[in-house]
$ cat final12.tsv   # TSV, C-alpha atoms and all ligand atoms
chain	number	residue	atom	x	y	z
A	1	MET	CA	91.04	125.56	91.16
A	2	PRO	CA	92.39	123.48	88.28
A	3	MET	CA	90.07	122.33	85.57
A	4	GLN	CA	87.93	119.41	86.72
A	5	THR	CA	89.08	116.23	85.07
A	6	LYS	CA	87.15	113.15	84.11
A	7	LEU	CA	88.76	111.33	87.01
A	8	PHE	CA	87.68	114.09	89.42
A	9	ALA	CA	84.12	113.78	88.19
A	10	SER	CA	84.23	110.04	88.40
A	11	ILE	CA	85.70	109.84	91.88
A	12	VAL	CA	84.87	112.99	93.81
A	13	LEU	CA	81.66	114.22	92.19
A	14	PHE	CA	80.17	110.78	91.82
A	15	GLY	CA	81.38	109.65	95.25
A	16	SER	CA	80.13	112.68	97.14
A	17	ALA	CA	76.78	112.55	95.34
A	18	LEU	CA	76.58	108.90	96.33
A	19	GLY	CA	77.23	109.84	99.96
A	20	ALA	CA	74.71	112.65	99.90
A	21	ALA	CA	72.10	110.35	98.44
A	22	ALA	CA	72.94	107.51	100.78
A	23	CYS	CA	72.78	109.36	104.05
A	24	SER	CA	69.51	109.20	105.88
A	25	ALA	CA	67.03	112.05	105.92
A	26	THR	CA	68.18	113.02	109.41
A	27	GLN	CA	71.82	112.95	108.48
A	28	ALA	CA	71.04	114.94	105.37
A	29	ALA	CA	69.40	117.60	107.47
A	30	ASP	CA	72.41	117.70	109.81
A	31	ALA	CA	74.88	117.85	106.99
A	32	GLY	CA	73.14	120.71	105.23
A	33	SER	CA	73.51	120.94	101.51
A	34	THR	CA	76.55	118.77	101.24
A	35	LEU	CA	77.11	119.60	97.62
A	36	ASP	CA	76.94	123.36	97.84
A	37	GLY	CA	79.93	123.94	100.07
A	38	SER	CA	77.90	125.12	103.04
A	39	VAL	CA	80.29	123.49	105.51
A	40	ALA	CA	82.81	126.19	104.77
A	41	ASP	CA	80.63	128.62	106.67
A	42	SER	CA	80.05	126.38	109.63
A	43	GLY	CA	82.61	127.84	111.98
A	44	THR	CA	86.11	126.62	111.18
A	45	PRO	CA	88.20	129.30	109.54
A	46	ASP	CA	90.78	128.28	107.01
A	47	SER	CA	93.55	128.11	109.60
A	48	PRO	CA	96.87	129.63	108.67
A	49	ALA	CA	99.45	126.97	108.00
A	50	THR	CA	103.19	127.19	108.08
A	51	ILE	CA	105.94	124.76	107.39
A	52	ASP	CA	109.33	125.70	108.78
A	53	ALA	CA	112.29	126.41	106.57
A	54	ALA	CA	113.89	123.04	107.20
A	55	GLY	CA	110.60	121.40	106.45
A	56	HIS	CA	110.44	119.64	109.79
A	57	ASP	CA	107.33	121.03	111.40
A	58	ALA	CA	103.91	121.79	110.20
A	59	THR	CA	101.68	124.08	112.18
A	60	ILE	CA	98.04	124.31	111.45
A	61	GLY	CA	96.61	127.20	113.41
A	62	ASP	CA	97.62	126.56	117.00
A	63	ALA	CA	98.07	122.87	116.50
A	64	LYS	CA	101.16	121.00	115.54
A	65	ILE	CA	100.51	117.71	113.93
A	66	HIS	CA	102.60	114.81	112.87
A	67	ASP	CA	102.19	111.58	111.04
A	68	ALA	CA	104.05	109.33	113.44
A	69	ASP	CA	101.02	107.37	114.48
A	70	LEU	CA	100.47	106.39	110.89
A	71	ASP	CA	103.73	104.45	111.01
A	72	GLY	CA	103.40	100.84	110.00
A	73	TRP	CA	100.56	101.52	107.61
A	74	HIS	CA	101.87	101.05	104.07
A	75	PRO	CA	99.01	99.95	101.85
A	76	THR	CA	100.02	101.34	98.41
A	77	LYS	CA	99.57	99.33	95.20
B	1	MET	CA	93.91	83.69	98.89
B	2	ARG	CA	90.32	83.45	97.72
B	3	TRP	CA	87.82	85.74	96.11
B	4	SER	CA	84.13	85.25	96.13
B	5	GLU	CA	81.75	83.74	93.59
B	6	THR	CA	79.45	86.59	94.48
B	7	GLY	CA	82.07	89.28	93.95
B	8	ARG	CA	82.00	92.02	91.37
B	9	TRP	CA	82.47	89.70	88.39
B	10	ASN	CA	80.74	86.64	89.86
B	11	GLY	CA	83.90	84.76	90.63
B	12	LYS	CA	85.85	85.86	87.57
B	13	VAL	CA	89.03	87.78	88.22
B	14	THR	CA	88.39	90.39	85.53
B	15	SER	CA	85.40	91.96	83.80
B	16	ARG	CA	86.66	90.90	80.39
B	17	PRO	CA	88.90	88.02	79.39
B	18	LEU	CA	92.57	88.98	79.36
B	19	PRO	CA	94.57	88.66	76.13
B	20	GLU	CA	95.73	85.09	75.83
B	21	CYS	CA	98.77	85.87	73.80
B	22	ASP	CA	100.98	88.88	74.03
B	23	PRO	CA	103.87	88.91	71.55
B	24	SER	CA	105.37	91.91	73.32
B	25	ILE	CA	106.15	89.64	76.29
B	26	ASP	CA	107.79	87.05	74.05
B	27	ALA	CA	109.96	89.77	72.53
B	28	LEU	CA	111.51	90.78	75.87
B	29	SER	CA	115.04	89.90	76.90
B	30	ASP	CA	115.37	87.57	79.89
B	31	ASP	CA	116.59	90.40	82.10
B	32	ASP	CA	113.74	92.72	81.18
B	33	ARG	CA	111.27	89.94	81.62
B	34	ALA	CA	112.65	89.21	85.10
B	35	THR	CA	112.30	92.87	86.03
B	36	LEU	CA	108.65	92.86	85.01
B	37	VAL	CA	108.03	89.63	86.90
B	38	SER	CA	109.23	91.36	90.05
B	39	VAL	CA	107.16	94.49	89.37
B	40	TRP	CA	103.91	92.57	89.00
B	41	HIS	CA	104.71	90.14	91.79
B	42	ALA	CA	105.37	93.05	94.15
B	43	ARG	CA	102.06	94.52	93.09
B	44	ALA	CA	100.33	91.28	94.08
B	45	ALA	CA	101.75	91.70	97.58
B	46	THR	CA	100.58	95.28	98.06
B	47	GLU	CA	97.14	94.56	96.60
B	48	ARG	CA	96.81	91.75	99.12
B	49	ARG	CA	97.76	94.09	101.95
B	50	VAL	CA	95.10	96.56	100.83
B	51	ALA	CA	92.52	93.79	101.26
B	52	ASP	CA	93.46	93.81	104.97
B	53	SER	CA	93.10	97.56	105.03
B	54	PHE	CA	89.57	97.29	103.64
B	55	THR	CA	88.64	94.92	106.44
B	56	LEU	CA	89.43	97.84	108.71
B	57	VAL	CA	87.43	100.24	106.50
B	58	SER	CA	84.38	97.96	106.56
B	59	HIS	CA	84.61	97.73	110.35
B	60	ALA	CA	84.93	101.51	110.59
B	61	LEU	CA	81.91	102.10	108.35
B	62	ARG	CA	79.82	99.73	110.46
B	63	GLU	CA	80.88	101.51	113.65
B	64	LEU	CA	79.92	104.80	112.02
B	65	ASN	CA	76.50	103.45	111.02
B	66	ALA	CA	77.30	104.31	107.45
B	67	ALA	CA	74.79	103.74	104.68
B	68	ALA	CA	74.29	100.07	103.82
B	69	ASP	CA	75.34	100.70	100.21
B	70	LEU	CA	78.68	102.06	101.32
B	71	ILE	CA	79.31	99.17	103.68
B	72	ALA	CA	78.45	96.75	100.88
B	73	LEU	CA	80.85	98.53	98.54
B	74	SER	CA	83.61	98.36	101.12
B	75	ASP	CA	82.95	94.66	101.74
B	76	ARG	CA	83.17	94.16	98.00
B	77	ALA	CA	86.45	96.07	98.00
B	78	ILE	CA	88.00	93.41	100.25
B	79	ASP	CA	87.09	90.87	97.61
B	80	ASP	CA	88.25	93.19	94.82
B	81	GLU	CA	91.69	93.52	96.38
B	82	HIS	CA	92.03	89.75	96.60
B	83	ARG	CA	91.18	89.64	92.89
B	84	HIS	CA	93.76	92.33	92.25
B	85	ALA	CA	96.37	90.25	94.04
B	86	GLU	CA	95.42	87.28	91.87
B	87	LEU	CA	95.40	89.38	88.70
B	88	SER	CA	98.85	90.75	89.52
B	89	ARG	CA	100.17	87.29	90.38
B	90	TYR	CA	98.76	86.00	87.09
B	91	VAL	CA	100.38	88.79	85.08
B	92	ALA	CA	103.70	88.15	86.87
B	93	SER	CA	103.33	84.47	85.97
B	94	ARG	CA	102.75	85.29	82.32
B	95	TYR	CA	105.97	87.30	82.27
B	96	ALA	CA	107.75	84.50	84.12
B	97	GLY	CA	106.45	81.91	81.68
B	98	LYS	CA	105.45	79.70	84.59
B	99	GLU	CA	102.91	79.66	87.40
B	100	LEU	CA	104.18	81.67	90.38
B	101	ASP	CA	103.08	81.41	93.98
B	102	TYR	CA	101.73	84.36	95.88
B	103	PRO	CA	104.41	86.56	97.37
B	104	PRO	CA	104.78	86.54	101.18
B	105	LEU	CA	102.17	88.53	103.07
B	106	LEU	CA	103.16	92.09	103.84
B	107	PRO	CA	102.49	93.32	107.37
B	108	PHE	CA	99.55	95.59	107.92
B	109	SER	CA	98.83	97.58	111.04
B	110	ALA	CA	96.00	100.02	111.48
B	111	PRO	CA	96.92	103.68	111.87
B	112	LYS	CA	96.60	104.46	115.56
B	113	HIS	CA	95.50	108.09	115.42
B	114	THR	CA	95.92	108.17	119.18
B	115	GLN	CA	94.73	111.75	119.53
B	116	ALA	CA	91.41	111.05	117.85
B	117	SER	CA	88.16	109.99	119.46
B	118	ASP	CA	86.89	106.54	118.48
B	119	GLU	CA	84.41	108.01	116.03
B	120	LEU	CA	86.95	110.31	114.46
B	121	ARG	CA	89.46	107.47	114.22
B	122	HIS	CA	86.97	105.39	112.25
B	123	THR	CA	86.39	108.27	109.87
B	124	LEU	CA	90.13	108.80	109.47
B	125	HIS	CA	90.58	105.12	108.64
B	126	VAL	CA	87.98	105.43	105.86
B	127	LEU	CA	89.50	108.64	104.54
B	128	GLY	CA	93.09	107.44	104.72
B	129	GLN	CA	92.39	104.32	102.70
B	130	CYS	CA	89.73	105.61	100.32
B	131	ALA	CA	89.89	109.37	99.84
B	132	PHE	CA	93.70	109.29	99.93
B	133	ASN	CA	95.23	105.93	99.03
B	134	GLU	CA	92.63	104.79	96.50
B	135	THR	CA	92.37	108.21	94.90
B	136	ILE	CA	96.15	108.25	94.51
B	137	ALA	CA	96.01	104.70	93.16
B	138	SER	CA	93.48	105.83	90.56
B	139	ALA	CA	95.74	108.64	89.37
B	140	PHE	CA	98.69	106.23	89.34
B	141	LEU	CA	96.78	103.63	87.32
B	142	GLU	CA	95.46	106.23	84.93
B	143	ALA	CA	99.10	107.10	84.21
B	144	CYS	CA	99.93	103.38	83.90
B	145	CYS	CA	97.12	102.92	81.37
B	146	GLU	CA	98.24	105.94	79.40
B	147	HIS	CA	101.79	104.62	79.02
B	148	ALA	CA	101.09	100.91	78.73
B	149	ASN	CA	101.03	99.43	75.24
B	150	ALA	CA	101.63	95.76	75.95
B	151	PRO	CA	98.20	94.12	75.58
B	152	LEU	CA	98.19	92.10	78.81
B	153	ALA	CA	99.63	94.83	81.01
B	154	LYS	CA	97.31	97.46	79.56
B	155	ALA	CA	94.26	95.28	80.09
B	156	ALA	CA	95.33	94.50	83.66
B	157	CYS	CA	95.89	98.17	84.52
B	158	ARG	CA	92.46	99.03	83.11
B	159	GLU	CA	90.81	96.35	85.25
B	160	LEU	CA	92.58	97.58	88.38
B	161	LEU	CA	91.65	101.20	87.67
B	162	SER	CA	87.98	100.43	87.27
B	163	ASP	CA	87.84	98.99	90.79
B	164	GLU	CA	90.10	101.54	92.48
B	165	ILE	CA	87.80	104.34	91.31
B	166	ASP	CA	84.94	102.63	93.14
B	167	HIS	CA	87.09	102.24	96.24
B	168	ALA	CA	88.08	105.89	96.20
B	169	ARG	CA	84.43	106.91	95.97
B	170	ILE	CA	83.76	105.30	99.36
B	171	GLY	CA	85.91	107.94	101.04
B	172	TRP	CA	84.27	110.86	99.29
B	173	ALA	CA	80.83	109.40	99.87
B	174	GLN	CA	81.41	108.91	103.59
B	175	LEU	CA	82.79	112.42	103.86
B	176	ALA	CA	79.77	113.88	102.07
B	177	ALA	CA	77.52	111.96	104.43
B	178	SER	CA	79.36	113.18	107.53
B	179	PRO	CA	77.92	116.06	109.53
B	180	PRO	CA	79.76	119.40	109.52
B	181	VAL	CA	81.09	118.85	113.03
B	182	VAL	CA	82.94	115.74	111.88
B	183	ARG	CA	84.23	117.41	108.74
B	184	ASN	CA	85.52	120.28	110.85
B	185	GLN	CA	87.40	117.86	113.09
B	186	ILE	CA	88.98	116.23	110.07
B	187	VAL	CA	90.46	119.45	108.71
B	188	ALA	CA	93.36	119.48	111.18
B	189	TRP	CA	94.29	115.94	110.19
B	190	LEU	CA	94.43	116.47	106.45
B	191	PRO	CA	98.10	117.47	106.14
B	192	SER	CA	99.25	114.48	108.17
B	193	LEU	CA	97.10	112.10	106.14
B	194	ALA	CA	98.38	113.69	102.93
B	195	ASN	CA	101.98	113.55	104.08
B	196	ALA	CA	101.78	109.95	105.24
B	197	ASN	CA	100.15	108.82	102.02
B	198	LEU	CA	102.61	110.65	99.81
B	199	ARG	CA	105.46	109.14	101.81
B	200	MET	CA	104.03	105.65	101.44
B	201	TRP	CA	103.76	106.02	97.68
B	202	ARG	CA	107.22	107.50	97.36
B	203	GLU	CA	108.82	104.89	99.59
B	204	SER	CA	107.07	101.97	97.99
B	205	PRO	CA	109.96	99.98	96.55
B	206	ARG	CA	110.12	100.11	92.76
B	207	LYS	CA	113.27	98.33	91.79
B	208	TYR	CA	113.36	99.02	88.10
B	209	PRO	CA	114.98	101.67	85.97
B	210	SER	CA	112.89	104.37	84.32
B	211	ARG	CA	112.54	103.11	80.78
B	212	GLU	CA	109.87	103.49	78.16
B	213	LEU	CA	109.98	99.76	77.64
B	214	PHE	CA	108.90	99.08	81.22
B	215	ALA	CA	106.26	101.82	81.12
B	216	GLY	CA	104.79	99.98	78.15
B	217	HIS	CA	104.37	96.95	80.39
B	218	GLY	CA	102.65	98.78	83.25
B	219	ALA	CA	105.72	99.96	85.17
B	220	PRO	CA	105.87	103.72	84.65
B	221	SER	CA	109.02	105.80	85.04
B	222	GLU	CA	109.81	107.80	88.16
B	223	PRO	CA	108.88	111.16	86.57
B	224	VAL	CA	105.55	109.72	85.45
B	225	ILE	CA	104.85	108.43	88.96
B	226	ALA	CA	105.83	111.79	90.45
B	227	GLY	CA	103.46	113.47	88.00
B	228	ALA	CA	100.65	111.11	88.92
B	229	LEU	CA	101.16	111.81	92.62
B	230	ALA	CA	101.07	115.56	91.97
B	231	THR	CA	97.94	115.12	89.87
B	232	ALA	CA	96.31	113.13	92.63
B	233	PHE	CA	96.78	115.92	95.15
B	234	ARG	CA	96.35	118.95	92.90
B	235	GLU	CA	93.47	117.77	90.70
B	236	LEU	CA	91.64	115.26	92.86
B	237	ILE	CA	92.24	115.29	96.60
B	238	ILE	CA	92.62	118.99	97.42
B	239	PRO	CA	89.81	120.07	95.03
B	240	GLY	CA	87.78	117.20	96.48
B	241	PHE	CA	87.91	118.67	99.96
B	242	GLU	CA	87.17	122.09	98.51
B	243	HIS	CA	84.18	120.65	96.70
B	244	LEU	CA	82.88	119.54	100.09
B	245	GLY	CA	83.43	123.00	101.49
B	246	MET	CA	86.40	122.13	103.67
B	247	PRO	CA	89.26	124.57	104.24
B	248	THR	CA	92.41	123.50	102.41
B	249	GLY	CA	94.88	126.31	103.15
B	250	ALA	CA	97.14	123.99	105.12
B	251	LEU	CA	97.06	121.39	102.38
B	252	HIS	CA	98.03	123.95	99.76
B	253	THR	CA	100.93	125.11	101.92
B	254	TRP	CA	102.02	121.53	102.41
B	255	MET	CA	101.71	120.79	98.71
B	256	ASP	CA	103.70	123.87	97.71
B	257	ALA	CA	106.45	122.89	100.16
B	258	GLU	CA	106.41	119.39	98.72
B	259	CYS	CA	107.00	120.68	95.23
B	260	VAL	CA	110.08	122.55	96.41
B	261	ALA	CA	111.42	119.92	98.78
B	262	LYS	CA	110.57	116.95	96.57
B	263	SER	CA	110.52	114.79	99.65
B	264	PRO	CA	107.71	114.45	102.14
B	265	VAL	CA	107.71	117.01	104.89
B	266	LYS	CA	108.57	115.40	108.18
B	267	ILE	CA	106.04	116.65	110.66
B	268	THR	CA	107.10	116.03	114.21
B	269	GLU	CA	104.88	117.01	117.03
B	270	HIS	CA	101.29	116.25	117.75
B	271	ARG	CA	99.21	118.50	119.91
B	272	LEU	CA	95.75	118.92	118.57
B	273	GLN	CA	93.98	121.51	120.65
A	301	FE	FE	93.65	97.22	94.27
A	302	FE	FE	91.50	99.42	95.78

$ encode --input "final12.tsv" --output "structure tokens"
Amino acid sequence: MPMQTKLFASIVLFGSALGAAACSATQAADAGSTLDGSVADSGTPDSPATIDAAGHDATIGDAKIHDADLDGWHPTK
Amino acid sequence: MRWSETGRWNGKVTSRPLPECDPSIDALSDDDRATLVSVWHARAATERRVADSFTLVSHALRELNAAADLIALSDRAIDDEHRHAELSRYVASRYAGKELDYPPLLPFSAPKHTQASDELRHTLHVLGQCAFNETIASAFLEACCEHANAPLAKAACRELLSDEIDHARIGWAQLAASPPVVRNQIVAWLPSLANANLRMWRESPRKYPSRELFAGHGAPSEPVIAGALATAFRELIIPGFEHLGMPTGALHTWMDAECVAKSPVKITEHRLQ
């Protein structure tokens, strides 16, 4: 993992701590220790991913996914 | 286009007053000035569109019974984006030397995510706008700030960045508050969200040449933008999901392919199983 930057701390660390603090006691119990990475052990393996030579298909585990239904959404800045 | 008296800066557009005179603008040639007018005017249009996107995010957070603080922050983000549109219009006007109108509204349509359940779709809407688009915007604006030296443009970029960081946090906060079952469902969607967002940023029209002069006025060069996009994924987004314990193998593969292909991977078929 690359060195954690100030922006990473400001966005991801602060944001996820905010979420962990904000969720209710019940949600917190469901979510486990959200800041210690426990979700990684909760049943989904890191699925093998391939992208074909022409770069036209992405396969994540058994699933092929696409971004077509994101068409029309162009927020940017 | 209105922003609220009860918004982040109590009705003011910025946290601090913007520089009233900027000799670096006066020193520009007419052509360069016109280019920068179009850059900042175009920014006003996209900022305005993001306000519409945050209406969707606020709705999604309510449907998800998200924490009140997060909903409030997202509601504020709608207002923030209206302020950003005004700030960008104002900066464009300063370069133009006259008061400009708002640019025409850009169309916005919510991502359909047809294969997702209602609940998952709401979460994907929050992530797409906040964890992806706003995080990328933060990296982009950080690069803008770094290269900007014109007083007005630098101040404007700093103001925008300070809000976009807050907006990005909403995505990471909601993700951290989501139960493992939801986070597991999201994993399969990450490459498509990443790909779509990268494509949007790359395809966003930037009709100006890569010149240090323009970078100094808040319009960074193509290589700088490409670097900011790479930074966003490599140093923020992917490590962000890893921080929350989510598998990112597929994202790394996608990212590595991106670096070789230099154009977004076109992913074609959708069969989530
Ligand atoms: Fe914005
Ligand atoms: Fe924003």

$ closest_atom_pairs --input "final12.tsv" --of "chain B" --to "ligand FE 302 (chain A)" --cutoff "7 Å" --atoms "all atoms listed in the file" --output "CSV"
residue,atom,partner,partner_atom,distance
B:Val50,CA,A:FE302,FE,6.8
B:Ala77,CA,A:FE302,FE,6.5
B:Glu81,CA,A:FE302,FE,5.9
B:Glu134,CA,A:FE302,FE,5.5
B:Asp163,CA,A:FE302,FE,6.2
B:Glu164,CA,A:FE302,FE,4.2
B:His167,CA,A:FE302,FE,5.3

$ closest_atom_pairs --input "final12.tsv" --of "chain A" --to "ligand FE 301 (chain A)" --cutoff "12 Å" --atoms "only C-alpha atoms and all ligand atoms" --output "tab-separated table"
residue	atom	partner	partner_atom	distance
A:Pro75	CA	A:FE301	FE	9.7
A:Thr76	CA	A:FE301	FE	8.6
A:Lys77	CA	A:FE301	FE	6.4

$ atom_distance --input "final12.tsv" --atom1 "CA of Arg43 in chain B" --atom2 "CA of Asp30 in chain B"
20.0 Å

$ residues_around --input "final12.tsv" --residues "Ser210 in chain B" --least-positions-apart "4" --cutoff "8 Å" --atoms "only C-alpha atoms" --output "list in words"
Phe214, Ala215, Pro220, Ser221 and Glu222 of chain B

$ closest_residue --input "final12.tsv" --among "B:Cys145, B:Tyr102, B:Lys12, B:Ala92" --to "Asp79 in chain B" --atoms "all atoms listed in the file"
B:Lys12

$ atom_distance --input "final12.tsv" --atom1 "CA of Lys112 in chain B" --atom2 "CA of Ser204 in chain B"
20.6 Å

$ residues_around --input "final12.tsv" --residues "Ile238 in chain B" --least-positions-apart "5" --cutoff "9 Å" --atoms "only C-alpha atoms" --output "list in words"
Ala232, Phe233, His243, Thr248, Leu251 and His252 of chain B

$ write_last_selection --input "final12.tsv" --atoms "C-alpha atoms" --output "short mmCIF file (atom, residue, chain, number, x, y, z; two decimals), keeping the file's coordinate frame"
data_model
loop_
_atom_site.label_atom_id
_atom_site.label_comp_id
_atom_site.auth_asym_id
_atom_site.auth_seq_id
_atom_site.Cartn_x
_atom_site.Cartn_y
_atom_site.Cartn_z
CA ALA B 232 96.31 113.13 92.63
CA PHE B 233 96.78 115.92 95.15
CA HIS B 243 84.18 120.65 96.70
CA THR B 248 92.41 123.50 102.41
CA LEU B 251 97.06 121.39 102.38
CA HIS B 252 98.03 123.95 99.76
#

$ closest_residue --input "final12.tsv" --among "B:Ile237, B:Ala51, B:Ala226, B:Leu28" --to "His82 in chain B" --atoms "only C-alpha atoms"
B:Ala51

$ atom_distance --input "final12.tsv" --atom1 "CA of Thr135 in chain B" --atom2 "CA of Arg169 in chain B"
8.1 Å

$ axis_aligned_box --input "final12.tsv" --around "range 170-187 of chain B" --padding-each-side "6 Å" --output "JSON"
{"center_x": 84.0, "center_y": 112.8, "center_z": 106.2, "size_x": 24.9, "size_y": 27.0, "size_z": 25.8}

$ closest_residue --input "final12.tsv" --among "B:Glu5, B:Glu146, B:Asp166, B:Glu99" --to "Glu212 in chain B" --atoms "all atoms listed in the file"
B:Glu146

$ closest_residue --input "final12.tsv" --among "B:Lys154, B:Arg62, B:Arg202, B:Arg76" --to "chain A" --atoms "all atoms listed in the file"
B:Arg202

$ closest_residue --input "final12.tsv" --among "B:Ala173, B:Val182, B:Leu18, B:Ala34" --to "Ala96 in chain B" --atoms "all atoms listed in the file"
B:Ala34

$ closest_residue --input "final12.tsv" --among "B:Gly227, B:Pro209, B:Pro107, B:Gly218" --to "chain A" --atoms "all atoms listed in the file"
B:Pro107

$ residues_around --input "final12.tsv" --residues "Ala137 in chain B" --least-positions-apart "4" --cutoff "10 Å" --atoms "all atoms listed in the file" --output "number ranges by chain"
A: 76-77; B: 130, 132-133, 141-143, 160-161, 164-165, 167-168, 201, 228-229, 232

$ write_last_selection --input "final12.tsv" --atoms "C-alpha atoms" --output "mmCIF file, in the coordinates of the input"
data_model
loop_
_atom_site.group_PDB
_atom_site.id
_atom_site.type_symbol
_atom_site.label_atom_id
_atom_site.label_comp_id
_atom_site.auth_asym_id
_atom_site.auth_seq_id
_atom_site.Cartn_x
_atom_site.Cartn_y
_atom_site.Cartn_z
ATOM 1 C CA THR A 76 100.020 101.340 98.410
ATOM 2 C CA LYS A 77 99.570 99.330 95.200
ATOM 3 C CA CYS B 130 89.730 105.610 100.320
ATOM 4 C CA PHE B 132 93.700 109.290 99.930
ATOM 5 C CA ASN B 133 95.230 105.930 99.030
ATOM 6 C CA LEU B 141 96.780 103.630 87.320
ATOM 7 C CA GLU B 142 95.460 106.230 84.930
ATOM 8 C CA ALA B 143 99.100 107.100 84.210
ATOM 9 C CA LEU B 160 92.580 97.580 88.380
ATOM 10 C CA LEU B 161 91.650 101.200 87.670
ATOM 11 C CA GLU B 164 90.100 101.540 92.480
ATOM 12 C CA ILE B 165 87.800 104.340 91.310
ATOM 13 C CA HIS B 167 87.090 102.240 96.240
ATOM 14 C CA ALA B 168 88.080 105.890 96.200
ATOM 15 C CA TRP B 201 103.760 106.020 97.680
ATOM 16 C CA ALA B 228 100.650 111.110 88.920
ATOM 17 C CA LEU B 229 101.160 111.810 92.620
ATOM 18 C CA ALA B 232 96.310 113.130 92.630
#
